[in-house]
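upload-v8.txt (compact mmCIF, C-alpha atoms)
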```
# COMPACT_ATOMS: atom_id res chain seq x y z
CA MET J 1 13.75 -134.04 127.31
CA LYS J 2 16.98 -132.13 126.77
CA VAL J 3 20.19 -134.18 126.83
CA GLU J 4 23.15 -132.61 128.53
CA ARG J 5 26.56 -133.28 126.93
CA SER J 6 29.88 -132.15 128.11
CA GLU J 7 31.82 -133.41 125.03
CA ARG J 8 32.30 -131.31 121.91
CA SER J 9 30.45 -132.40 118.72
CA TYR J 10 31.96 -132.36 115.19
CA THR J 11 30.65 -132.09 111.71
CA LEU J 12 31.54 -135.06 109.53
CA SER J 13 33.97 -132.99 107.52
CA GLY J 14 35.54 -131.69 110.69
CA LEU J 15 35.93 -135.19 112.12
CA ASN J 16 37.36 -136.45 108.82
CA ALA J 17 39.80 -133.55 108.92
CA LEU J 18 40.99 -134.77 112.31
CA VAL J 19 41.49 -138.24 110.85
CA ARG J 20 43.48 -136.76 107.95
CA GLU J 21 45.67 -134.78 110.33
CA ALA J 22 46.24 -137.84 112.51
CA ILE J 23 47.18 -140.01 109.55
CA GLU J 24 49.50 -137.38 108.15
CA ALA J 25 51.13 -136.99 111.57
CA GLN J 26 51.46 -140.71 112.30
CA LEU J 27 52.20 -141.98 108.75
CA PRO J 28 54.30 -139.25 107.18
CA ASP J 29 56.61 -141.58 105.19
CA GLU J 30 56.34 -143.73 102.09
CA TYR J 31 56.20 -147.51 102.50
CA TRP J 32 56.81 -150.56 100.30
CA VAL J 33 53.82 -152.89 100.44
CA GLU J 34 53.34 -156.41 98.97
CA ALA J 35 49.85 -157.16 97.70
CA GLU J 36 47.82 -158.83 94.99
CA LEU J 37 45.76 -156.81 92.54
CA SER J 38 42.11 -157.81 92.67
CA GLU J 39 41.16 -154.93 90.34
CA CYS J 40 43.15 -152.60 88.12
CA ARG J 41 41.54 -150.07 85.82
CA GLU J 42 42.57 -146.86 84.11
CA ARG J 43 40.26 -143.87 84.00
CA GLY J 44 41.02 -140.32 82.97
CA GLY J 45 44.73 -141.14 82.75
CA HIS J 46 44.81 -142.26 86.40
CA CYS J 47 45.09 -145.89 87.57
CA TYR J 48 42.72 -147.20 90.24
CA MET J 49 43.62 -150.40 92.06
CA GLU J 50 42.08 -152.68 94.63
CA LEU J 51 44.66 -154.45 96.78
CA VAL J 52 44.12 -157.71 98.62
CA GLU J 53 46.15 -159.99 100.87
CA LYS J 54 45.14 -163.68 101.01
CA ASP J 55 45.79 -166.39 103.52
CA ASP J 56 48.43 -168.76 102.14
CA ARG J 57 46.56 -171.86 103.26
CA THR J 58 42.93 -170.99 102.57
CA ASN J 59 43.40 -168.35 99.85
CA THR J 60 40.74 -166.21 101.54
CA PRO J 61 41.25 -162.41 101.78
CA ILE J 62 42.51 -161.19 105.13
CA ALA J 63 43.09 -157.53 104.19
CA ARG J 64 41.81 -155.12 101.55
CA ALA J 65 42.61 -151.54 100.53
CA SER J 66 42.20 -149.11 97.65
CA ALA J 67 45.17 -147.55 95.86
CA LYS J 68 45.55 -144.85 93.25
CA CYS J 69 48.33 -143.84 90.89
CA TRP J 70 47.90 -140.32 89.57
CA ARG J 71 48.28 -139.54 85.87
CA GLN J 72 51.74 -137.97 85.96
CA THR J 73 53.22 -140.87 87.90
CA TRP J 74 51.23 -143.53 86.00
CA GLN J 75 52.50 -142.31 82.62
CA MET J 76 56.04 -143.11 83.79
CA LEU J 77 55.39 -146.32 85.76
CA GLN J 78 53.08 -148.09 83.29
CA PRO J 79 55.47 -148.37 80.27
CA ALA J 80 58.41 -149.20 82.54
CA PHE J 81 56.46 -152.03 84.18
CA GLU J 82 55.25 -153.47 80.86
CA ARG J 83 58.68 -153.18 79.26
CA THR J 84 60.29 -155.09 82.13
CA THR J 85 57.62 -157.73 82.82
CA SER J 86 56.36 -158.13 79.21
CA GLN J 87 52.77 -157.74 80.35
CA PRO J 88 50.39 -155.05 81.61
CA LEU J 89 49.47 -154.45 85.20
CA ARG J 90 46.34 -156.56 85.66
CA ALA J 91 44.20 -158.33 88.21
CA GLY J 92 45.81 -161.45 89.63
CA LEU J 93 49.38 -160.13 89.64
CA LYS J 94 51.37 -159.78 92.80
CA VAL J 95 53.02 -156.38 93.07
CA LEU J 96 55.41 -154.43 95.27
CA LEU J 97 54.22 -150.83 95.50
CA ARG J 98 55.75 -147.76 97.11
CA VAL J 99 52.87 -145.85 98.71
CA TYR J 100 51.97 -143.17 101.14
CA ALA J 101 48.74 -142.81 103.10
CA GLN J 102 46.14 -140.25 102.08
CA PHE J 103 42.82 -139.50 103.69
CA HIS J 104 40.44 -137.14 101.94
CA GLU J 105 37.48 -135.69 103.76
CA ALA J 106 35.14 -136.37 100.82
CA TYR J 107 36.62 -139.56 99.33
CA GLY J 108 38.00 -141.45 102.30
CA PHE J 109 41.26 -143.35 102.68
CA SER J 110 43.58 -144.52 99.86
CA TRP J 111 47.16 -145.53 99.37
CA ILE J 112 48.80 -143.29 96.78
CA VAL J 113 51.27 -145.17 94.56
CA THR J 114 54.55 -143.44 93.78
CA ASP J 115 56.60 -146.39 92.48
CA ILE J 116 56.28 -150.02 91.36
CA ASP J 117 59.07 -152.61 91.53
CA PRO J 118 58.58 -154.80 88.42
CA THR J 119 61.30 -157.26 89.48
CA TYR J 120 59.09 -158.40 92.36
CA THR J 121 56.29 -159.21 89.92
CA ILE J 122 58.74 -160.96 87.59
CA GLY J 123 59.90 -163.12 90.49
CA ASP J 124 56.35 -164.03 91.40
CA MET J 125 55.51 -164.79 87.77
CA ALA J 126 58.65 -166.93 87.52
CA ARG J 127 57.63 -168.83 90.64
CA LYS J 128 54.17 -169.45 89.18
CA ARG J 129 55.66 -170.58 85.85
CA GLN J 130 58.03 -172.96 87.60
CA GLU J 131 55.16 -174.34 89.66
CA ILE J 132 53.11 -174.96 86.51
CA ILE J 133 56.10 -176.60 84.80
CA ARG J 134 56.74 -178.76 87.86
CA GLN J 135 53.10 -179.86 87.95
CA LEU J 136 53.09 -180.68 84.22
CA LYS J 137 56.20 -182.82 84.64
CA GLU J 138 54.73 -184.59 87.66
CA GLU J 139 51.63 -185.36 85.61
CA GLY J 140 53.89 -186.82 82.91
CA VAL J 141 52.50 -184.60 80.14
CA PHE J 142 55.26 -182.00 79.70
CA ASP J 143 57.03 -183.88 76.87
CA LEU J 144 54.05 -185.74 75.34
CA GLN J 145 53.86 -183.52 72.25
CA ARG J 146 57.49 -184.22 71.34
CA GLU J 147 56.68 -187.93 71.17
CA LEU J 148 54.39 -187.23 68.20
CA HIS J 149 55.59 -186.99 64.59
CA ILE J 150 54.44 -184.55 61.97
CA PRO J 151 52.95 -186.75 59.19
CA MET J 152 54.90 -187.00 55.94
CA PHE J 153 52.10 -185.40 53.95
CA ALA J 154 51.12 -182.69 56.46
CA GLN J 155 48.78 -180.67 54.24
CA ARG J 156 45.54 -180.41 56.27
CA ILE J 157 46.22 -177.60 58.73
CA ALA J 158 43.93 -176.52 61.59
CA VAL J 159 44.76 -172.96 62.66
CA ILE J 160 43.79 -171.32 65.94
CA SER J 161 44.12 -167.56 65.56
CA ALA J 162 42.14 -164.34 65.78
CA ALA J 163 39.78 -163.93 62.84
CA GLY J 164 41.12 -161.32 60.44
CA ALA J 165 44.51 -161.17 62.18
CA ALA J 166 47.39 -160.00 60.01
CA GLY J 167 49.52 -162.90 61.20
CA TYR J 168 46.94 -165.45 60.01
CA GLY J 169 46.79 -163.75 56.61
CA ASP J 170 50.59 -163.84 56.34
CA PHE J 171 50.53 -167.54 57.26
CA VAL J 172 47.99 -168.41 54.54
CA ARG J 173 49.80 -166.36 51.87
CA GLN J 174 53.12 -167.99 52.75
CA LEU J 175 51.56 -171.43 52.22
CA GLU J 176 49.69 -170.54 49.04
CA ASP J 177 52.61 -168.73 47.39
CA ASN J 178 55.26 -171.36 48.13
CA ALA J 179 57.87 -171.73 45.40
CA TYR J 180 57.28 -175.45 44.91
CA GLY J 181 53.58 -175.46 44.04
CA LEU J 182 52.74 -177.52 47.13
CA TYR J 183 49.09 -177.70 48.17
CA PHE J 184 47.80 -177.03 51.69
CA LYS J 185 44.24 -176.95 53.02
CA VAL J 186 43.87 -174.49 55.91
CA THR J 187 40.86 -174.35 58.26
CA LEU J 188 40.61 -171.46 60.73
CA PHE J 189 39.19 -171.91 64.24
CA PRO J 190 38.80 -168.32 65.53
CA ALA J 191 39.91 -167.60 69.08
CA VAL J 192 40.76 -164.67 71.34
CA MET J 193 44.54 -164.29 71.36
CA GLN J 194 45.03 -161.61 74.02
CA GLY J 195 43.46 -160.68 77.30
CA GLU J 196 41.82 -162.73 80.01
CA GLN J 197 39.80 -164.91 77.60
CA VAL J 198 42.82 -166.44 75.86
CA GLU J 199 42.90 -169.65 77.90
CA GLN J 200 39.25 -170.68 77.53
CA SER J 201 39.01 -169.47 73.92
CA ILE J 202 41.95 -171.58 72.73
CA ILE J 203 40.80 -174.61 74.74
CA SER J 204 37.35 -174.35 73.09
CA ALA J 205 39.00 -174.21 69.65
CA LEU J 206 41.07 -177.31 70.48
CA GLU J 207 37.90 -179.13 71.54
CA ARG J 208 36.23 -178.28 68.21
CA ILE J 209 39.25 -179.56 66.27
CA TYR J 210 39.33 -182.76 68.33
CA SER J 211 35.61 -183.41 67.81
CA LEU J 212 36.03 -183.13 64.02
CA THR J 213 39.19 -185.24 63.93
CA SER J 214 37.63 -188.03 66.00
CA ASP J 215 34.34 -188.01 64.04
CA PRO J 216 34.09 -191.44 62.29
CA SER J 217 32.12 -189.96 59.40
CA PRO J 218 34.17 -190.03 56.16
CA LEU J 219 32.86 -186.53 55.40
CA ALA J 220 34.21 -185.03 58.64
CA PRO J 221 37.31 -182.85 58.19
CA LYS J 222 40.55 -184.47 59.32
CA PHE J 223 43.72 -182.61 60.24
CA ASP J 224 47.42 -183.42 60.28
CA VAL J 225 48.71 -180.62 62.54
CA VAL J 226 47.41 -177.69 64.60
CA CYS J 227 48.99 -174.23 64.43
CA ILE J 228 48.36 -171.71 67.22
CA LEU J 229 49.26 -168.31 65.76
CA ARG J 230 49.43 -164.81 67.16
CA GLY J 231 50.95 -162.39 64.71
CA GLY J 232 51.58 -158.85 65.87
CA GLY J 233 50.34 -157.53 69.19
CA ALA J 234 52.33 -156.43 72.19
CA THR J 235 54.72 -158.70 73.98
CA ALA J 236 52.89 -157.65 77.13
CA ASP J 237 49.87 -159.73 76.04
CA LEU J 238 51.62 -163.11 76.34
CA SER J 239 50.48 -163.82 79.90
CA GLY J 240 47.38 -165.67 78.69
CA PHE J 241 49.61 -168.44 77.30
CA ASP J 242 51.16 -169.21 80.70
CA THR J 243 48.27 -171.09 82.31
CA LEU J 244 48.11 -174.66 83.59
CA ALA J 245 44.79 -175.59 81.96
CA LEU J 246 45.89 -174.43 78.50
CA ALA J 247 49.25 -176.17 78.81
CA GLU J 248 47.57 -179.45 79.86
CA ASN J 249 45.19 -179.33 76.89
CA VAL J 250 47.95 -178.67 74.35
CA ALA J 251 50.39 -181.16 75.89
CA GLN J 252 47.83 -183.98 75.69
CA PHE J 253 46.39 -183.09 72.28
CA PRO J 254 46.65 -186.08 69.89
CA LEU J 255 47.93 -184.01 66.93
CA PRO J 256 51.28 -182.17 66.73
CA VAL J 257 50.84 -178.54 67.81
CA ILE J 258 53.03 -175.79 66.28
CA THR J 259 53.08 -172.44 68.08
CA GLY J 260 53.96 -169.08 66.58
CA ILE J 261 52.71 -166.68 69.23
CA GLY J 262 55.64 -164.61 70.52
CA HIS J 263 58.87 -162.91 69.70
CA GLU J 264 62.38 -164.30 69.61
CA ARG J 265 63.20 -163.69 73.27
CA ASP J 266 59.80 -164.68 74.69
CA GLU J 267 58.90 -168.30 75.45
CA SER J 268 55.57 -169.09 77.05
CA ILE J 269 54.67 -172.31 78.83
CA LEU J 270 52.49 -173.06 75.81
CA ASP J 271 55.65 -172.92 73.65
CA MET J 272 57.42 -175.28 76.05
CA VAL J 273 54.79 -178.03 75.84
CA SER J 274 54.07 -177.72 72.11
CA HIS J 275 55.59 -180.02 69.49
CA THR J 276 57.45 -177.19 67.75
CA ARG J 277 57.84 -173.53 68.63
CA VAL J 278 58.63 -170.88 66.01
CA LYS J 279 58.83 -167.09 66.22
CA THR J 280 56.02 -165.97 63.93
CA PRO J 281 53.12 -167.24 61.83
CA THR J 282 55.22 -166.91 58.65
CA ALA J 283 57.91 -169.04 60.31
CA ALA J 284 55.25 -171.67 61.02
CA ALA J 285 54.22 -171.64 57.35
CA ALA J 286 57.86 -171.91 56.28
CA LEU J 287 58.28 -174.92 58.59
CA LEU J 288 55.33 -176.72 56.97
CA VAL J 289 56.52 -175.86 53.44
CA ASP J 290 60.04 -177.10 54.22
CA HIS J 291 58.64 -180.30 55.75
CA LEU J 292 56.52 -181.09 52.67
CA LYS J 293 59.38 -180.04 50.39
CA GLY J 294 61.57 -182.60 52.18
CA VAL J 295 58.95 -185.28 51.47
CA LEU J 296 58.86 -184.21 47.80
CA GLU J 297 62.65 -184.45 47.61
CA ARG J 298 62.54 -187.94 49.12
CA ILE J 299 59.98 -188.99 46.50
CA GLU J 300 62.09 -187.52 43.70
CA GLN J 301 65.18 -189.25 45.08
CA ALA J 302 63.24 -192.52 45.21
CA GLU J 303 62.11 -192.01 41.60
CA THR J 304 65.71 -191.37 40.56
CA ALA J 305 66.90 -194.43 42.46
CA VAL J 306 64.23 -196.65 40.84
CA SER J 307 65.02 -195.24 37.40
CA ASN J 308 68.76 -195.82 37.89
CA TYR J 309 68.13 -199.34 39.15
CA ILE J 310 66.00 -200.21 36.10
CA SER J 311 68.56 -198.63 33.77
CA ASN J 312 71.35 -200.64 35.40
CA CYS J 313 69.30 -203.84 35.12
CA LEU J 314 68.62 -203.19 31.43
CA LEU J 315 72.30 -202.44 30.82
CA ARG J 316 73.38 -205.66 32.52
CA GLN J 317 70.89 -207.66 30.49
CA GLN J 318 72.05 -206.00 27.26
CA GLN J 319 75.64 -206.84 28.14
CA ARG J 320 74.64 -210.41 28.88
CA ILE J 321 72.80 -210.71 25.56
CA ALA J 322 75.87 -209.31 23.78
CA GLN J 323 78.07 -211.87 25.51
CA LEU J 324 75.65 -214.65 24.61
CA THR J 325 75.55 -213.43 21.01
CA THR J 326 79.33 -213.71 20.87
CA LEU J 327 79.31 -217.16 22.47
CA ILE J 328 76.53 -218.66 20.32
CA PRO J 329 78.75 -219.61 17.30
CA THR J 330 81.34 -221.20 19.58
CA LEU J 331 78.68 -223.02 21.54
CA ALA J 332 76.97 -224.16 18.31
CA MET J 333 80.23 -225.51 16.89
CA ARG J 334 80.96 -227.26 20.14
CA MET J 335 77.48 -228.80 20.20
CA VAL J 336 77.82 -229.90 16.52
CA SER J 337 81.23 -231.43 17.26
CA GLU J 338 79.87 -233.24 20.29
CA GLN J 339 76.89 -234.53 18.31
CA ARG J 340 79.13 -235.64 15.40
CA HIS J 341 81.36 -237.53 17.80
CA ARG J 342 78.31 -239.13 19.32
CA VAL J 343 77.03 -240.15 15.88
CA GLU J 344 80.40 -241.69 15.07
CA LEU J 345 80.32 -243.66 18.30
CA LEU J 346 76.80 -244.81 17.53
CA ALA J 347 77.82 -245.73 13.96
CA ASN J 348 80.67 -247.84 15.28
CA ARG J 349 78.41 -249.57 17.76
CA LEU J 350 75.51 -250.09 15.35
CA PRO J 351 76.80 -253.24 13.43
CA VAL J 352 77.64 -255.02 16.65
CA ALA J 353 74.28 -254.03 18.14
CA ILE J 354 72.44 -255.17 14.98
CA GLU J 355 74.26 -258.49 14.88
CA ARG J 356 73.57 -259.06 18.55
CA ARG J 357 69.94 -258.17 18.01
CA LEU J 358 69.60 -260.52 15.04
CA THR J 359 71.23 -263.37 16.98
CA ASN J 360 68.84 -262.80 19.87
CA GLN J 361 65.86 -262.75 17.51
CA LYS J 362 67.10 -265.91 15.76
CA HIS J 363 67.34 -267.75 19.05
CA ARG J 364 63.89 -266.55 19.93
CA MET J 365 62.48 -267.76 16.60
CA GLU J 366 64.03 -271.15 17.08
CA SER J 367 62.57 -271.35 20.56
CA LEU J 368 59.13 -270.40 19.23
CA GLU J 369 59.44 -272.95 16.43
CA LEU J 370 60.14 -275.70 18.91
CA GLN J 371 57.16 -274.58 20.96
CA LEU J 372 54.95 -274.64 17.84
CA LYS J 373 56.05 -278.11 16.93
CA GLY J 374 54.98 -279.24 20.37
CA PHE J 375 51.45 -278.06 19.52
CA ASP J 376 51.26 -279.72 16.01
CA PRO J 377 48.05 -281.93 15.82
CA GLN J 378 49.80 -284.40 13.47
CA LEU J 379 52.24 -285.17 16.20
CA LEU J 380 49.33 -286.05 18.49
CA LEU J 381 47.75 -288.30 15.78
CA SER J 382 51.05 -290.17 15.38
CA ARG J 383 50.84 -291.03 19.05
CA GLY J 384 47.46 -292.81 18.52
CA TYR J 385 45.14 -289.91 19.25
CA SER J 386 42.27 -288.99 16.89
CA ILE J 387 40.25 -285.81 16.27
CA THR J 388 36.51 -285.79 15.50
CA LEU J 389 35.29 -282.88 13.39
CA HIS J 390 31.78 -281.70 12.56
CA GLN J 391 31.51 -279.13 9.84
CA GLY J 392 35.25 -278.43 10.22
CA ARG J 393 35.08 -277.87 13.97
CA ALA J 394 36.39 -280.19 16.72
CA VAL J 395 33.65 -281.98 18.64
CA ARG J 396 34.18 -281.54 22.33
CA ASP J 397 30.68 -282.54 23.58
CA PRO J 398 28.60 -285.42 22.11
CA ASN J 399 25.45 -283.50 23.00
CA GLN J 400 26.37 -281.02 20.27
CA LEU J 401 25.51 -283.74 17.65
CA LYS J 402 22.12 -284.96 16.50
CA PRO J 403 21.04 -287.90 14.35
CA GLY J 404 21.92 -287.50 10.68
CA ASP J 405 24.98 -285.29 11.39
CA GLU J 406 28.02 -286.37 9.38
CA ILE J 407 31.32 -286.34 11.24
CA GLU J 408 34.94 -286.93 10.33
CA THR J 409 37.46 -288.78 12.48
CA ARG J 410 41.06 -288.06 11.65
CA VAL J 411 43.76 -290.55 12.53
CA GLU J 412 47.47 -290.75 11.67
CA LYS J 413 46.97 -292.63 8.36
CA GLY J 414 43.71 -291.02 7.09
CA VAL J 415 40.09 -289.83 7.65
CA ILE J 416 37.04 -291.90 8.68
CA THR J 417 33.59 -290.52 7.74
CA SER J 418 30.53 -291.43 9.90
CA VAL J 419 26.82 -290.52 10.26
CA ILE J 420 25.14 -290.17 13.62
CA LYS J 421 22.07 -292.36 14.15
```

Write-out of the structure in structure tokens:
Amino acid sequence: MKVERSERSYTLSGLNALVREAIEAQLPDEYWVEAELSECRERGGHCYMELVEKDDRTNTPIARASAKCWRQTWQMLQPAFERTTSQPLRAGLKVLLRVYAQFHEAYGFSWIVTDIDPTYTIGDMARKRQEIIRQLKEEGVFDLQRELHIPMFAQRIAVISAAGAAGYGDFVRQLEDNAYGLYFKVTLFPAVMQGEQVEQSIISALERIYSLTSDPSPLAPKFDVVCILRGGGATADLSGFDTLALAENVAQFPLPVITGIGHERDESILDMVSHTRVKTPTAAAALLVDHLKGVLERIEQAETAVSNYISNCLLRQQQRIAQLTTLIPTLAMRMVSEQRHRVELLANRLPVAIERRLTNQKHRMESLELQLKGFDPQLLLSRGYSITLHQGRAVRDPNQLKPGDEIETRVEKGVITSVIK
């Protein structure tokens, strides 16, 4: 059945041409648009972007669009943006673009970028940095690293850096060639130091260091400090060091963390939460050398102080001995004089003491003589007592005698001899 139509039909290209004409007629100007980059890639000298707008509460996309920056414009805008913001245009950044609408019959609709305002991106980055800093302070971890102390003998160094990086090589040479002959043991934990993988790569390296440090085995490597180094590279690649997760890991790490990842005028959030921030890897090495040199100087000062103390003690003792040597003759003469005087006193007292002693002994002898006289058997015999003897011994018990024994009985005037029957 044939369908009757009163309306005109169009080819696709013809209809798209109408759309192009309508857009050009209705949107003839350029417009500034705020958006977030969900994709940003360079191809053939041109830059292709995907723009997105997200709901502030749910973070879900509510608008999407494609944008292009042609080669001639991109070659001017790219270096200006990176020079001002210190990082490349990349996914995740919020941007303010000057665009005009373009509809192509074959390729569809796009916004064509003619200008980029880097100050808008800087402001957004600053807001994000301040939000991260605020959150770290609320968590109470922002200043944790500064409560740690670099050990006196900080010689076992864990380094997080790109393998084969020139900055790491400069760091090692600076330590090995120090002018004081100080020894350092350096262990490298390779990590990505630019691009989108920086955060997770460094966190993984920190986890490896922590696992070795906390290993109870006496053979497990132990470390005194951690150095995060990024020598060389563009300033524009520092954005990977401004993340919350990386800052939290470094801030709460149990060892002092020294960072040497940027240039003089650049300070990342990682620098802010680290124990010490220096400009370059060689500056980090110089810091460690100076620290250990300070310890060496303290040891040398202590050695000098101990040596001086011992020398002073010996000198004082020598002086004392010299004084004693001088005093010995005087002291000896004084002692001899004192002893002579004592002898003279004793000599004067000796006759009196001897006479007194003799008198006392004489009285004692007389007393003993009187006591002996009281025990004289003859005195007992004169009082009418007698003594019976058998074989020269006094008889105290008659049962000691037997018939035929001869006994003597002594009386005052003589001796009576008897025989027992």

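Among the candidates J:Asn178, J:Asn312, J:Thr187, J:Gln87, the one nearest to Ile160 (chain J) when counting only C-alpha atoms is J:Thr187.
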
Would you please work out which residue, of J:Ala247, J:Val159, J:Asp397, J:Ala166, is nearest to Ala284 (chain J) when using only C-alpha atoms?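 Comparing J:Ala247, J:Val159, J:Asp397, J:Ala166 against Ala284 (chain J), the winner is J:Val159.
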
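Here CA of Ile112 (chain J) stands at a distance of 27.8 Å from CA of Lys128 (chain J).
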
For Gly92 (chain J), find every residue with an atom within 12 Å (counting all atoms listed in the file), except residues of its own chain fewer than 4 positions away, and show them as a list of chain:residue names.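 Once the adjacent positions are removed, what remains is J:Ala35, J:Glu36, J:Leu37, J:Ser38, J:Glu39, J:Cys40, J:Met49, J:Glu50, J:Leu51, J:Val52, J:Glu53, J:Lys54, J:Pro88, J:Thr121, J:Asp124, J:Met125, J:Lys128, J:Glu196, J:Ser239, J:Gly240.
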
Interatomic distance, CA of Phe253 (chain J) to CA of Arg173 (chain J) (Å, one decimal):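 Straight-line distance from CA of Phe253 (chain J) to CA of Arg173 (chain J) works out to 26.6 Å.
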
Residue nearest Pro28 (chain J) - candidates J:Leu89, J:Leu188, J:Leu401, J:Val99, atoms counted: all atoms listed in the file: J:Val99

For region 200-207 of chain J, please output as a count of residues only all residues within 10 Å (counting all atoms listed in the file; exclusion window: fewer than 3 positions along the same chain). 28

Nearest to Gly164 (chain J): which of J:Leu229, J:Cys313, J:Ile132, J:Met152 is it, counting all atoms listed in the file?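 Answer, going by the shortest atom-to-atom distance: J:Leu229.
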
Excluding same-chain residues fewer than 6 positions from Arg393 (chain J), what lies within 10 Å of it counting only C-alpha atoms, as number ranges by chain? J: 387, 407-408

Write the residues of the selection above to a file with C-alpha atoms, as a compact mmCIF listing (two decimals), in the coordinates of the input.
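Final output, saved to out21.txt:
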```txt
# COMPACT_ATOMS: atom_id res chain seq x y z
CA ILE J 387 40.25 -285.81 16.27
CA ILE J 407 31.32 -286.34 11.24
CA GLU J 408 34.94 -286.93 10.33
```

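Note that the spacing between CA of Glu300 (chain J) and CA of Phe184 (chain J) amounts to 19.4 Å.
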
Nearest to Arg383 (chain J), chosen from J:Asp56, J:Glu412, J:Glu369, J:Asp405, with only C-alpha atoms counted in the distances: J:Glu412

So which one's closest to Gly123 (chain J), J:Thr280, J:Ala106, J:Ile150, J:Thr84? Using all atoms listed in the file, please. J:Thr84

Protein/DNA/RNA residues near (46.1, -184.1, 57.8), cut 9 Å, all atoms listed in the file, as a list of chain:residue names: J:Pro151, J:Phe153, J:Ala154, J:Gln155, J:Arg156, J:Ile157, J:Ala158, J:Lys185, J:Pro221, J:Lys222, J:Phe223, J:Asp224, J:Val225

Hey, can I get the axis-aligned box for region 111-130 of chain J? All listed atoms, 4 Å padding on each side, centre and edge lengths in Å to one decimal, as AutoDock Vina command-line options.
```
--center_x 54.2 --center_y -158.1 --center_z 92.6 --size_x 22.1 --size_y 37.7 --size_z 21.5
```
